[in-house]
>>> print(open('structure.pdb').read())   # PDB, C-alpha atoms
MODEL        1
ATOM      1  CA  MET A   1      47.610 238.102 138.264
ATOM      2  CA  LEU A   2      44.128 239.068 139.197
ATOM      3  CA  CYS A   3      42.257 240.980 136.602
ATOM      4  CA  LEU A   4      41.505 244.658 136.694
ATOM      5  CA  PHE A   5      38.042 246.018 136.893
ATOM      6  CA  LEU A   6      38.627 249.695 136.949
ATOM      7  CA  ALA A   7      36.270 251.912 135.079
ATOM      8  CA  ALA A   8      35.500 255.545 134.756
ATOM      9  CA  CYS A   9      32.232 255.926 136.576
ATOM     10  CA  ASN A  10      31.252 259.515 136.001
ATOM     11  CA  GLY A  11      32.374 262.756 134.486
ATOM     12  CA  ASP A  12      35.221 263.113 136.986
ATOM     13  CA  HIS A  13      36.521 259.678 136.033
ATOM     14  CA  LEU A  14      36.570 258.337 139.537
ATOM     15  CA  PRO A  15      38.266 254.954 139.562
ATOM     16  CA  THR A  16      36.436 251.917 140.842
ATOM     17  CA  LEU A  17      38.538 250.411 143.585
ATOM     18  CA  ARG A  18      38.399 247.004 145.176
ATOM     19  CA  SER A  19      37.108 246.639 148.704
ATOM     20  CA  PHE A  20      39.508 246.554 151.644
ATOM     21  CA  GLU A  21      38.205 243.081 152.510
ATOM     22  CA  SER A  22      39.303 241.710 149.158
ATOM     23  CA  ALA A  23      42.912 241.697 150.397
ATOM     24  CA  PHE A  24      43.023 242.290 154.144
ATOM     25  CA  VAL A  25      41.323 241.064 157.289
ATOM     26  CA  VAL A  26      41.161 243.200 160.438
ATOM     27  CA  THR A  27      42.226 241.179 163.483
ATOM     28  CA  ASP A  28      41.822 243.849 166.151
ATOM     29  CA  GLU A  29      41.988 247.541 166.893
ATOM     30  CA  LEU A  30      43.822 249.489 169.544
ATOM     31  CA  MET A  31      43.519 253.051 170.741
ATOM     32  CA  LEU A  32      46.833 254.625 171.664
ATOM     33  CA  HIS A  33      46.450 256.127 175.127
ATOM     34  CA  ASN A  34      45.882 259.879 175.091
ATOM     35  CA  MET A  35      47.195 260.235 171.537
ATOM     36  CA  LYS A  36      45.357 262.254 168.908
ATOM     37  CA  VAL A  37      45.391 261.700 165.158
ATOM     38  CA  GLY A  38      46.941 265.093 164.480
ATOM     39  CA  GLU A  39      49.820 264.607 166.913
ATOM     40  CA  ALA A  40      51.502 261.638 165.281
ATOM     41  CA  THR A  41      53.801 261.932 162.306
ATOM     42  CA  ALA A  42      55.423 258.516 162.043
ATOM     43  CA  TYR A  43      55.359 255.060 163.545
ATOM     44  CA  THR A  44      57.360 251.875 163.940
ATOM     45  CA  VAL A  45      56.820 248.550 165.690
ATOM     46  CA  ASP A  46      59.461 246.313 167.270
ATOM     47  CA  SER A  47      59.806 242.536 167.512
ATOM     48  CA  GLN A  48      57.756 242.475 170.727
ATOM     49  CA  GLY A  49      54.844 244.321 169.170
ATOM     50  CA  MET A  50      55.693 247.549 170.997
ATOM     51  CA  ILE A  51      54.624 250.621 169.048
ATOM     52  CA  TYR A  52      56.699 253.807 168.827
ATOM     53  CA  VAL A  53      55.120 257.061 167.678
ATOM     54  CA  ILE A  54      56.665 260.444 166.958
ATOM     55  CA  ASP A  55      54.688 263.132 168.787
ATOM     56  CA  LYS A  56      55.503 266.115 166.603
ATOM     57  CA  ALA A  57      53.952 268.696 168.909
ATOM     58  CA  ARG A  58      55.875 267.627 171.993
ATOM     59  CA  LYS A  59      58.980 266.618 170.026
ATOM     60  CA  HIS A  60      59.434 263.268 171.668
ATOM     61  CA  ILE A  61      58.772 259.570 171.137
ATOM     62  CA  LYS A  62      55.969 257.678 172.824
ATOM     63  CA  LYS A  63      56.245 253.922 173.308
ATOM     64  CA  PHE A  64      53.012 251.938 173.629
ATOM     65  CA  ASP A  65      52.437 248.276 174.416
ATOM     66  CA  HIS A  66      50.393 246.037 172.134
ATOM     67  CA  LYS A  67      47.212 247.090 173.950
ATOM     68  CA  GLY A  68      47.869 250.794 173.420
ATOM     69  CA  ASN A  69      49.021 251.597 176.962
ATOM     70  CA  LEU A  70      51.741 254.216 177.244
ATOM     71  CA  VAL A  71      54.972 252.574 178.415
ATOM     72  CA  VAL A  72      57.528 255.362 178.271
ATOM     73  CA  THR A  73      58.251 258.708 176.632
ATOM     74  CA  PHE A  74      61.766 259.558 175.481
ATOM     75  CA  GLY A  75      63.687 262.287 173.694
ATOM     76  CA  SER A  76      62.936 265.960 174.276
ATOM     77  CA  PRO A  77      62.933 269.273 172.396
ATOM     78  CA  GLY A  78      66.301 270.810 171.628
ATOM     79  CA  ASN A  79      69.291 270.856 169.332
ATOM     80  CA  GLY A  80      71.904 268.149 169.741
ATOM     81  CA  PRO A  81      72.375 264.451 170.395
ATOM     82  CA  GLY A  82      69.235 262.799 171.735
ATOM     83  CA  LEU A  83      67.163 265.944 171.178
ATOM     84  CA  PHE A  84      64.579 266.830 168.565
ATOM     85  CA  VAL A  85      63.759 269.923 166.544
ATOM     86  CA  LEU A  86      61.680 268.286 163.816
ATOM     87  CA  PRO A  87      61.504 264.496 164.299
ATOM     88  CA  TRP A  88      60.247 263.199 160.963
ATOM     89  CA  VAL A  89      60.517 259.435 160.475
ATOM     90  CA  ILE A  90      61.255 256.483 162.738
ATOM     91  CA  THR A  91      62.284 252.858 162.296
ATOM     92  CA  CYS A  92      63.768 250.031 164.331
ATOM     93  CA  ASP A  93      66.413 247.364 163.729
ATOM     94  CA  MET A  94      66.659 243.649 164.453
ATOM     95  CA  ASN A  95      67.708 244.399 168.027
ATOM     96  CA  ASP A  96      64.778 246.743 168.602
ATOM     97  CA  ASN A  97      66.960 249.820 168.641
ATOM     98  CA  ILE A  98      64.997 252.882 167.551
ATOM     99  CA  TYR A  99      66.236 255.295 164.853
ATOM    100  CA  VAL A 100      64.671 258.741 164.561
ATOM    101  CA  LEU A 101      65.531 261.055 161.680
ATOM    102  CA  ASP A 102      65.333 264.751 162.562
ATOM    103  CA  LEU A 103      64.613 266.759 159.430
ATOM    104  CA  SER A 104      65.745 270.083 160.851
ATOM    105  CA  GLN A 105      69.008 268.904 162.402
ATOM    106  CA  SER A 106      69.810 266.433 159.595
ATOM    107  CA  ARG A 107      70.519 264.087 162.464
ATOM    108  CA  VAL A 108      69.686 260.486 163.298
ATOM    109  CA  ASN A 109      69.195 259.792 167.015
ATOM    110  CA  ILE A 110      69.438 256.156 168.073
ATOM    111  CA  PHE A 111      67.823 254.819 171.265
ATOM    112  CA  ASP A 112      67.435 251.392 172.817
ATOM    113  CA  SER A 113      63.952 249.924 173.162
ATOM    114  CA  GLY A 114      63.623 251.359 176.658
ATOM    115  CA  GLY A 115      64.273 254.859 175.405
ATOM    116  CA  GLY A 116      67.893 255.083 176.535
ATOM    117  CA  PHE A 117      69.952 257.263 174.223
ATOM    118  CA  LEU A 118      72.702 255.284 172.444
ATOM    119  CA  ARG A 119      74.286 257.604 169.883
ATOM    120  CA  SER A 120      73.561 260.013 167.031
ATOM    121  CA  PHE A 121      75.119 261.252 163.819
ATOM    122  CA  ILE A 122      74.598 264.105 161.384
ATOM    123  CA  PHE A 123      74.176 263.209 157.724
ATOM    124  CA  SER A 124      74.006 266.620 156.059
ATOM    125  CA  SER A 125      77.688 267.103 155.261
ATOM    126  CA  VAL A 126      77.022 267.019 151.524
ATOM    127  CA  GLY A 127      73.927 269.225 151.517
ATOM    128  CA  PHE A 128      71.698 266.209 151.488
ATOM    129  CA  SER A 129      68.184 266.512 152.874
ATOM    130  CA  GLY A 130      66.984 263.164 154.223
ATOM    131  CA  ILE A 131      63.335 262.293 154.664
ATOM    132  CA  ALA A 132      63.244 258.475 154.804
ATOM    133  CA  ILE A 133      65.159 255.872 156.785
ATOM    134  CA  ALA A 134      65.546 252.085 156.798
ATOM    135  CA  VAL A 135      67.926 249.714 158.580
ATOM    136  CA  SER A 136      69.055 246.392 157.133
ATOM    137  CA  ASP A 137      69.179 243.154 159.119
ATOM    138  CA  SER A 138      72.950 243.552 159.277
ATOM    139  CA  GLY A 139      72.670 247.062 160.714
ATOM    140  CA  GLU A 140      73.460 249.337 157.788
ATOM    141  CA  ILE A 141      71.449 252.538 157.892
ATOM    142  CA  TYR A 142      69.922 253.888 154.671
ATOM    143  CA  ILE A 143      68.593 257.408 154.339
ATOM    144  CA  GLY A 144      66.584 258.507 151.338
ATOM    145  CA  GLY A 145      66.280 262.135 150.372
ATOM    146  CA  GLU A 146      67.378 264.729 147.898
ATOM    147  CA  LYS A 147      70.262 267.027 147.128
ATOM    148  CA  PRO A 148      69.656 270.211 145.134
ATOM    149  CA  GLN A 149      71.950 270.400 142.103
ATOM    150  CA  ASN A 150      71.798 273.067 139.426
ATOM    151  CA  ASP A 151      68.156 273.880 140.008
ATOM    152  CA  ARG A 152      67.276 270.209 140.016
ATOM    153  CA  SER A 153      67.028 267.810 142.872
ATOM    154  CA  SER A 154      68.691 264.445 142.767
ATOM    155  CA  LEU A 155      67.165 261.729 144.863
ATOM    156  CA  MET A 156      69.803 259.866 146.801
ATOM    157  CA  ILE A 157      70.171 257.110 149.289
ATOM    158  CA  HIS A 158      72.948 257.373 151.849
ATOM    159  CA  LYS A 159      74.380 254.316 153.465
ATOM    160  CA  PHE A 160      75.905 254.531 156.926
ATOM    161  CA  ASP A 161      77.795 251.517 158.162
ATOM    162  CA  HIS A 162      77.045 250.680 161.747
TER     163      HIS A 162
ATOM    164  CA  MET B 163      80.567 256.090 160.921
ATOM    165  CA  ASP B 164      81.756 255.656 157.382
ATOM    166  CA  GLU B 165      79.482 257.236 154.878
ATOM    167  CA  ASN B 166      78.949 255.606 151.541
ATOM    168  CA  VAL B 167      76.835 257.816 149.311
ATOM    169  CA  ARG B 168      74.925 256.183 146.496
ATOM    170  CA  ARG B 169      72.930 258.208 144.039
ATOM    171  CA  LEU B 170      69.736 256.797 142.625
ATOM    172  CA  ASP B 171      69.147 257.030 138.927
ATOM    173  CA  LEU B 172      66.248 259.362 139.497
ATOM    174  CA  SER B 173      66.113 263.066 138.906
ATOM    175  CA  ILE B 174      62.558 264.244 139.369
ATOM    176  CA  VAL B 175      61.830 266.504 142.306
ATOM    177  CA  GLY B 176      59.764 264.707 144.898
ATOM    178  CA  GLY B 177      59.916 262.778 148.087
ATOM    179  CA  VAL B 178      61.475 259.360 148.301
ATOM    180  CA  ARG B 179      60.481 256.473 150.552
ATOM    181  CA  ILE B 180      62.514 253.321 151.181
ATOM    182  CA  ALA B 181      61.920 249.839 152.584
ATOM    183  CA  MET B 182      63.998 246.736 153.112
ATOM    184  CA  GLY B 183      63.377 243.571 151.111
ATOM    185  CA  SER B 184      63.910 240.064 152.429
ATOM    186  CA  ASN B 185      66.925 239.139 150.359
ATOM    187  CA  ASN B 186      69.506 241.842 150.997
ATOM    188  CA  ASN B 187      67.750 244.313 148.763
ATOM    189  CA  LEU B 188      66.370 247.791 149.145
ATOM    190  CA  PHE B 189      63.231 249.179 147.542
ATOM    191  CA  ALA B 190      62.586 252.857 146.848
ATOM    192  CA  VAL B 191      59.705 254.894 145.488
ATOM    193  CA  GLN B 192      59.168 258.484 144.442
ATOM    194  CA  GLU B 193      55.995 260.414 145.068
ATOM    195  CA  VAL B 194      55.589 261.301 141.409
ATOM    196  CA  ASN B 195      56.491 257.965 139.859
ATOM    197  CA  PRO B 196      54.049 255.045 139.967
ATOM    198  CA  MET B 197      56.710 252.311 139.960
ATOM    199  CA  PHE B 198      59.253 251.062 142.475
ATOM    200  CA  PHE B 199      62.988 250.538 142.221
ATOM    201  CA  GLU B 200      65.194 247.791 143.586
ATOM    202  CA  PHE B 201      68.811 248.211 144.694
ATOM    203  CA  THR B 202      71.403 246.035 146.288
ATOM    204  CA  LEU B 203      72.507 247.044 149.761
ATOM    205  CA  SER B 204      75.662 248.472 148.241
ATOM    206  CA  GLY B 205      73.541 250.805 146.137
ATOM    207  CA  GLU B 206      73.684 249.028 142.790
ATOM    208  CA  TYR B 207      70.539 249.545 140.759
ATOM    209  CA  LEU B 208      68.827 246.242 139.948
ATOM    210  CA  ASN B 209      65.308 246.704 138.658
ATOM    211  CA  LYS B 210      62.425 248.992 137.969
ATOM    212  CA  LEU B 211      59.354 247.051 139.077
ATOM    213  CA  GLY B 212      55.600 247.327 139.114
ATOM    214  CA  GLY B 213      53.498 249.092 136.556
ATOM    215  CA  ILE B 214      51.261 252.052 135.997
ATOM    216  CA  PRO B 215      48.030 251.476 137.907
ATOM    217  CA  SER B 216      44.809 251.936 136.010
ATOM    218  CA  PHE B 217      43.772 254.593 138.516
ATOM    219  CA  TYR B 218      47.030 256.519 138.052
ATOM    220  CA  LYS B 219      46.792 260.162 137.042
ATOM    221  CA  GLU B 220      49.946 261.970 136.008
ATOM    222  CA  PRO B 221      51.234 264.874 138.098
ATOM    223  CA  PHE B 222      50.591 268.354 136.832
ATOM    224  CA  LYS B 223      51.455 271.821 137.972
ATOM    225  CA  PHE B 224      48.758 273.568 139.979
ATOM    226  CA  PRO B 225      47.840 277.010 138.626
ATOM    227  CA  LYS B 226      48.463 278.282 142.149
ATOM    228  CA  PHE B 227      49.628 276.408 145.201
ATOM    229  CA  THR B 228      46.598 276.902 147.383
ATOM    230  CA  TYR B 229      43.863 274.469 148.162
ATOM    231  CA  PRO B 230      40.222 275.504 147.992
ATOM    232  CA  LYS B 231      38.814 275.982 151.496
ATOM    233  CA  ASP B 232      35.865 273.814 150.668
ATOM    234  CA  LYS B 233      36.825 270.201 151.388
ATOM    235  CA  LEU B 234      34.805 268.842 148.494
ATOM    236  CA  GLN B 235      36.477 271.195 146.036
ATOM    237  CA  ALA B 236      39.918 270.516 147.521
ATOM    238  CA  THR B 237      39.391 266.782 147.280
ATOM    239  CA  LYS B 238      38.278 267.183 143.677
ATOM    240  CA  LEU B 239      41.428 269.150 142.860
ATOM    241  CA  LEU B 240      43.760 266.719 144.632
ATOM    242  CA  GLY B 241      41.970 263.816 142.974
ATOM    243  CA  LYS B 242      43.227 265.010 139.609
ATOM    244  CA  PHE B 243      46.581 263.355 140.208
ATOM    245  CA  THR B 244      47.984 260.358 142.025
ATOM    246  CA  GLN B 245      50.749 260.517 144.606
ATOM    247  CA  LEU B 246      52.715 257.440 145.646
ATOM    248  CA  THR B 247      52.931 258.143 149.365
ATOM    249  CA  ASN B 248      54.736 255.150 150.789
ATOM    250  CA  ILE B 249      56.233 251.711 150.281
ATOM    251  CA  ILE B 250      55.974 249.123 153.045
ATOM    252  CA  THR B 251      57.363 245.607 152.945
ATOM    253  CA  VAL B 252      55.410 242.957 154.841
ATOM    254  CA  PRO B 253      56.940 239.619 155.885
ATOM    255  CA  SER B 254      55.047 236.658 154.442
ATOM    256  CA  SER B 255      55.523 232.926 154.030
ATOM    257  CA  GLN B 256      57.354 233.637 150.767
ATOM    258  CA  GLY B 257      59.761 236.455 151.484
ATOM    259  CA  LYS B 258      58.102 239.829 151.719
ATOM    260  CA  LEU B 259      55.127 241.431 150.082
ATOM    261  CA  VAL B 260      55.624 244.936 148.746
ATOM    262  CA  MET B 261      52.763 247.335 149.415
ATOM    263  CA  LEU B 262      52.584 250.527 147.383
ATOM    264  CA  ILE B 263      50.292 253.135 148.896
ATOM    265  CA  TYR B 264      48.893 255.826 146.610
ATOM    266  CA  ALA B 265      46.915 258.903 147.612
ATOM    267  CA  VAL B 266      43.979 259.027 145.216
ATOM    268  CA  HIS B 267      41.602 261.169 147.333
ATOM    269  CA  ALA B 268      38.445 259.898 145.666
ATOM    270  CA  PRO B 269      36.431 257.704 145.885
ATOM    271  CA  SER B 270      38.627 256.735 148.848
ATOM    272  CA  LYS B 271      41.697 258.436 150.281
ATOM    273  CA  PHE B 272      44.151 255.708 149.343
ATOM    274  CA  ALA B 273      44.663 252.842 146.941
ATOM    275  CA  ILE B 274      47.044 249.969 147.656
ATOM    276  CA  ASP B 275      48.774 247.673 145.190
ATOM    277  CA  VAL B 276      50.346 244.450 146.465
ATOM    278  CA  TYR B 277      53.396 242.977 144.731
ATOM    279  CA  LYS B 278      55.782 240.137 145.224
ATOM    280  CA  GLU B 279      59.402 241.185 145.522
ATOM    281  CA  ASN B 280      60.024 240.101 141.929
ATOM    282  CA  GLY B 281      57.518 242.694 140.732
ATOM    283  CA  GLU B 282      54.605 240.346 140.141
ATOM    284  CA  CYS B 283      51.353 242.042 141.082
ATOM    285  CA  LEU B 284      49.165 239.981 143.428
ATOM    286  CA  ILE B 285      46.270 242.378 143.701
ATOM    287  CA  ASP B 286      45.838 246.029 142.846
ATOM    288  CA  SER B 287      43.542 248.975 143.369
ATOM    289  CA  ILE B 288      42.443 248.241 146.933
ATOM    290  CA  GLY B 289      40.577 251.319 148.097
ATOM    291  CA  THR B 290      40.631 252.453 151.718
ATOM    292  CA  ASP B 291      40.343 255.547 153.888
ATOM    293  CA  GLN B 292      42.757 254.001 156.372
ATOM    294  CA  ALA B 293      46.468 254.693 155.965
ATOM    295  CA  LEU B 294      48.824 251.727 155.995
ATOM    296  CA  ILE B 295      51.625 252.924 158.258
ATOM    297  CA  MET B 296      53.813 249.935 159.165
ATOM    298  CA  ALA B 297      54.168 246.157 159.447
ATOM    299  CA  ASP B 298      55.719 244.013 162.149
ATOM    300  CA  ARG B 299      58.048 241.055 161.703
ATOM    301  CA  LEU B 300      55.173 238.569 161.896
ATOM    302  CA  GLY B 301      53.496 240.118 158.882
ATOM    303  CA  LYS B 302      50.820 241.994 160.754
ATOM    304  CA  MET B 303      50.017 245.360 159.211
ATOM    305  CA  TYR B 304      48.967 248.504 161.038
ATOM    306  CA  PHE B 305      46.549 251.025 159.574
ATOM    307  CA  ASN B 306      45.758 254.465 160.948
ATOM    308  CA  LYS B 307      41.992 254.144 161.040
ATOM    309  CA  HIS B 308      41.229 257.859 160.844
ATOM    310  CA  ALA B 309      44.124 259.124 158.762
ATOM    311  CA  LEU B 310      44.049 262.787 157.821
ATOM    312  CA  ASP B 311      44.484 263.890 154.254
ATOM    313  CA  TYR B 312      45.747 267.298 153.126
ATOM    314  CA  THR B 313      42.302 268.823 153.345
ATOM    315  CA  GLU B 314      41.886 267.832 157.003
ATOM    316  CA  ILE B 315      45.188 268.886 158.584
ATOM    317  CA  GLY B 316      43.698 272.024 160.132
ATOM    318  CA  SER B 317      40.318 270.498 160.879
ATOM    319  CA  GLU B 318      38.793 269.259 164.109
ATOM    320  CA  ARG B 319      39.408 265.706 162.932
ATOM    321  CA  ARG B 320      43.031 266.074 164.045
ATOM    322  CA  ASN B 321      41.785 265.877 167.647
ATOM    323  CA  ALA B 322      40.197 262.463 167.152
ATOM    324  CA  PRO B 323      41.734 259.606 169.176
ATOM    325  CA  LEU B 324      44.480 257.727 167.375
ATOM    326  CA  ILE B 325      43.169 254.256 166.607
ATOM    327  CA  LEU B 326      45.204 251.621 164.804
ATOM    328  CA  SER B 327      43.711 248.638 162.995
ATOM    329  CA  ARG B 328      45.850 245.523 163.026
ATOM    330  CA  CYS B 329      45.348 243.540 159.851
ATOM    331  CA  ALA B 330      46.627 240.496 158.025
ATOM    332  CA  VAL B 331      46.815 239.691 154.352
ATOM    333  CA  LEU B 332      44.164 237.184 153.325
ATOM    334  CA  PRO B 333      45.789 233.731 153.352
ATOM    335  CA  ALA B 334      44.519 232.964 149.853
ATOM    336  CA  LEU B 335      46.277 236.040 148.524
ATOM    337  CA  GLU B 336      49.556 235.164 150.179
ATOM    338  CA  LYS B 337      49.517 231.764 148.468
ATOM    339  CA  GLU B 338      49.053 233.236 144.996
TER     340      GLU B 338
ENDMDL
END
>>> encode(input="structure.pdb", output="structure tokens")
Amino acid sequence: MLCLFLAACNGDHLPTLRSFESAFVVTDELMLHNMKVGEATAYTVDSQGMIYVIDKARKHIKKFDHKGNLVVTFGSPGNGPGLFVLPWVITCDMNDNIYVLDLSQSRVNIFDSGGGFLRSFIFSSVGFSGIAIAVSDSGEIYIGGEKPQNDRSSLMIHKFDH
Amino acid sequence: MDENVRRLDLSIVGGVRIAMGSNNNLFAVQEVNPMFFEFTLSGEYLNKLGGIPSFYKEPFKFPKFTYPKDKLQATKLLGKFTQLTNIITVPSSQGKLVMLIYAVHAPSKFAIDVYKENGECLIDSIGTDQALIMADRLGKMYFNKHALDYTEIGSERRNAPLILSRCAVLPALEKE
């Protein structure tokens, strides 16, 4: 393991951090068409390099190609399957299906890579508040979050078989 | 869908983030815990991995939950503790690399530690103002070049164009 070289450097004990270039190399940059920093809440990328971004203000998903051009917008504001109140996190599976967790509805909406709505489910039946999502290669859906219990919160992961 | 609820052996209030490993495993982190946890896909706890970074500052309770309006003062206050904001797994030639992203606020917004899936640290304390947001299946990582921190959410910086930096892990590091 590489050695540490952290040190307190002044009265506020600011850590000394390694440079970005000591671990990573930038290959290119892309500007997402007409998208502002403050509009995006979460991102995912599929096997074709297509980028999906939650636009929290407009409550929909924007799909961009690998050059940053807008390909399609899908989902819309509202309560129910395929709709968004507070889209929070997004991920994709091996087949490039897109999973969007809606914090307010406690719902996961699932779309194909073209933005076609496939199905949705609600995960809040046990008072669980989900804030993170991942999908395994075999299609199981995992949701991380918390459930208030006796003035404490227990972190949980829910598994939903596909 | 059949629901199979698995409870993590964690009980501290705070957000949780999850990511898939390469070998039918699941990794999870908490915002207020510097380490990461490994589970089987059926929810069985396997390991507590990683370590306490040298830059890590324990959480503490704010005297009042308001940030100073002055960005410098707010950054100074937030810099008094470390928040583990995300875990991202990145495909590599040897399984996946596990990236832990901490909000440190100063001297840069974030610090990144890079681990192997077995918990071995490859490199730590990488400072950056860019936010690592995702990785594709080829191992390319995406950073939000002008990520906002808590002190900038209401600022004009939120109207800046969204630019992503595509990055790769240095080959020498991946071979460690």
>>> atom_distance(input="structure.pdb", atom1="atom CA of Ser104 of chain A", atom2="atom CA of Lys36 of chain A")
23.3 Å
>>> residues_near_point(input="structure.pdb", point="(50.7, 256.2, 149.7)", cutoff="6 Å", atoms="only C-alpha atoms", output="ChimeraX atom specification")
/B:246-248,263-265
>>> residues_around(input="structure.pdb", residues="Ile288 of chain B", least_positions_apart="6", cutoff="10 Å", atoms="only C-alpha atoms", output="PDB file with C-alpha atoms, in the frame of the given file")
ATOM      1  CA  THR A  16      36.436 251.917 140.842  1.00  0.00           C
ATOM      2  CA  LEU A  17      38.538 250.411 143.585  1.00  0.00           C
ATOM      3  CA  ARG A  18      38.399 247.004 145.176  1.00  0.00           C
ATOM      4  CA  SER A  19      37.108 246.639 148.704  1.00  0.00           C
ATOM      5  CA  PHE A  20      39.508 246.554 151.644  1.00  0.00           C
ATOM      6  CA  GLU A  21      38.205 243.081 152.510  1.00  0.00           C
ATOM      7  CA  SER A  22      39.303 241.710 149.158  1.00  0.00           C
ATOM      8  CA  ALA A  23      42.912 241.697 150.397  1.00  0.00           C
ATOM      9  CA  PHE A  24      43.023 242.290 154.144  1.00  0.00           C
TER      10      PHE A  24
ATOM     11  CA  ILE B 263      50.292 253.135 148.896  1.00  0.00           C
ATOM     12  CA  TYR B 264      48.893 255.826 146.610  1.00  0.00           C
ATOM     13  CA  SER B 270      38.627 256.735 148.848  1.00  0.00           C
ATOM     14  CA  PHE B 272      44.151 255.708 149.343  1.00  0.00           C
ATOM     15  CA  ALA B 273      44.663 252.842 146.941  1.00  0.00           C
ATOM     16  CA  ILE B 274      47.044 249.969 147.656  1.00  0.00           C
ATOM     17  CA  ASP B 275      48.774 247.673 145.190  1.00  0.00           C
ATOM     18  CA  VAL B 276      50.346 244.450 146.465  1.00  0.00           C
TER      19      VAL B 276
END
>>> resolve_selection(input="structure.pdb", expression="the PyMOL selection byres ((chain A and resi 78) around 12)", output="list in words")
Arg58, Lys59, His60, Gly75, Ser76, Pro77, Asn79, Gly80, Pro81, Gly82, Leu83, Phe84, Val85, Leu86, Pro87, Asp102, Ser104 and Gln105 of chain A
>>> atom_distance(input="structure.pdb", atom1="atom CA of Asn306 of chain B", atom2="atom CA of Gly130 of chain A")
23.9 Å
>>> resolve_selection(input="structure.pdb", expression="the PyMOL selection byres ((chain B and resi 294) around 7)", output="ChimeraX atom specification")
/B:292-293,295-296,304-306
>>> atom_distance(input="structure.pdb", atom1="atom CA of Ser204 of chain B", atom2="atom CA of Leu284 of chain B")
28.2 Å
>>> residues_around(input="structure.pdb", residues="Asn34 of chain A", least_positions_apart="4", cutoff="10 Å", atoms="all atoms listed in the file", output="list in words")
Gly68, Asn69 and Leu70 of chain A; Pro323 and Leu324 of chain B
>>> closest_residue(input="structure.pdb", among="B:Ala334, B:Lys231, B:Val194, B:Phe217", to="chain A", atoms="only C-alpha atoms")
B:Phe217
>>> residues_around(input="structure.pdb", residues="Thr251 of chain B", least_positions_apart="5", cutoff="6 Å", atoms="all atoms listed in the file", output="compact mmCIF listing (two decimals) with C-alpha atoms, keeping the file's coordinate frame")
# COMPACT_ATOMS: atom_id res chain seq x y z
CA LYS B 258 58.10 239.83 151.72
CA LEU B 259 55.13 241.43 150.08
CA VAL B 260 55.62 244.94 148.75
>>> residues_around(input="structure.pdb", residues="segment 47-54 of chain A", least_positions_apart="6", cutoff="10 Å", atoms="all atoms listed in the file", output="ChimeraX atom specification")
/A:32,35,39-41,60-75,86-96,98,100,113 /B:296-300,302
>>> residues_around(input="structure.pdb", residues="Ile180 of chain B", least_positions_apart="5", cutoff="10 Å", atoms="all atoms listed in the file", output="ChimeraX atom specification")
/A:131-135,142-145,157 /B:188-192,198-200,248-251
>>> resolve_selection(input="structure.pdb", expression="the PyMOL selection byres ((chain A and resi 118-123) around 7)", output="PDB file with C-alpha atoms, in the coordinates of the input")
ATOM      1  CA  PRO A  81      72.375 264.451 170.395  1.00  0.00           C
ATOM      2  CA  GLY A  82      69.235 262.799 171.735  1.00  0.00           C
ATOM      3  CA  SER A 106      69.810 266.433 159.595  1.00  0.00           C
ATOM      4  CA  ARG A 107      70.519 264.087 162.464  1.00  0.00           C
ATOM      5  CA  VAL A 108      69.686 260.486 163.298  1.00  0.00           C
ATOM      6  CA  ASN A 109      69.195 259.792 167.015  1.00  0.00           C
ATOM      7  CA  ILE A 110      69.438 256.156 168.073  1.00  0.00           C
ATOM      8  CA  PHE A 111      67.823 254.819 171.265  1.00  0.00           C
ATOM      9  CA  ASP A 112      67.435 251.392 172.817  1.00  0.00           C
ATOM     10  CA  GLY A 116      67.893 255.083 176.535  1.00  0.00           C
ATOM     11  CA  PHE A 117      69.952 257.263 174.223  1.00  0.00           C
ATOM     12  CA  SER A 124      74.006 266.620 156.059  1.00  0.00           C
ATOM     13  CA  SER A 125      77.688 267.103 155.261  1.00  0.00           C
TER      14      SER A 125
END
>>> residues_near_point(input="structure.pdb", point="(63.1, 242.2, 145.6)", cutoff="7 Å", atoms="all atoms listed in the file", output="PyMOL selection string")
chain B and resi 183+185+187+200+279-280
>>> axis_aligned_box(input="structure.pdb", around="segment 326-337 of chain B", padding_each_side="3 Å", output="lines of an AutoDock Vina configuration file")
center_x = 46.6
center_y = 241.7
center_z = 156.6
size_x = 11.8
size_y = 25.9
size_z = 22.3
>>> closest_residue(input="structure.pdb", among="B:Gly177, B:Gly281, B:Pro253, B:Pro221", to="chain A", atoms="all atoms listed in the file")
B:Gly177
>>> closest_residue(input="structure.pdb", among="B:Ser287, B:Ser184, B:Thr313, B:Gln235", to="chain A", atoms="all atoms listed in the file")
B:Ser287
>>> decode(input="structure.pdb", residues="segment 183-199 of chain B", atoms="C-alpha atoms", output="tab-separated table (two decimals), in the first residue's frame")
chain	number	residue	atom	x	y	z
B	183	GLY	CA	-19.18	-5.77	-6.52
B	184	SER	CA	-17.88	-8.06	-9.24
B	185	ASN	CA	-18.33	-11.36	-7.45
B	186	ASN	CA	-21.97	-11.50	-6.39
B	187	ASN	CA	-21.42	-9.12	-3.53
B	188	LEU	CA	-22.90	-5.84	-2.42
B	189	PHE	CA	-21.06	-2.95	-0.80
B	190	ALA	CA	-22.66	-0.33	1.44
B	191	VAL	CA	-21.50	2.81	3.19
B	192	GLN	CA	-22.96	5.22	5.71
B	193	GLU	CA	-22.42	8.94	5.63
B	194	VAL	CA	-21.12	9.02	9.19
B	195	ASN	CA	-18.92	5.94	9.11
B	196	PRO	CA	-15.56	6.00	7.31
B	197	MET	CA	-15.54	2.29	6.40
B	198	PHE	CA	-17.48	0.13	3.97
B	199	PHE	CA	-19.43	-3.07	4.45
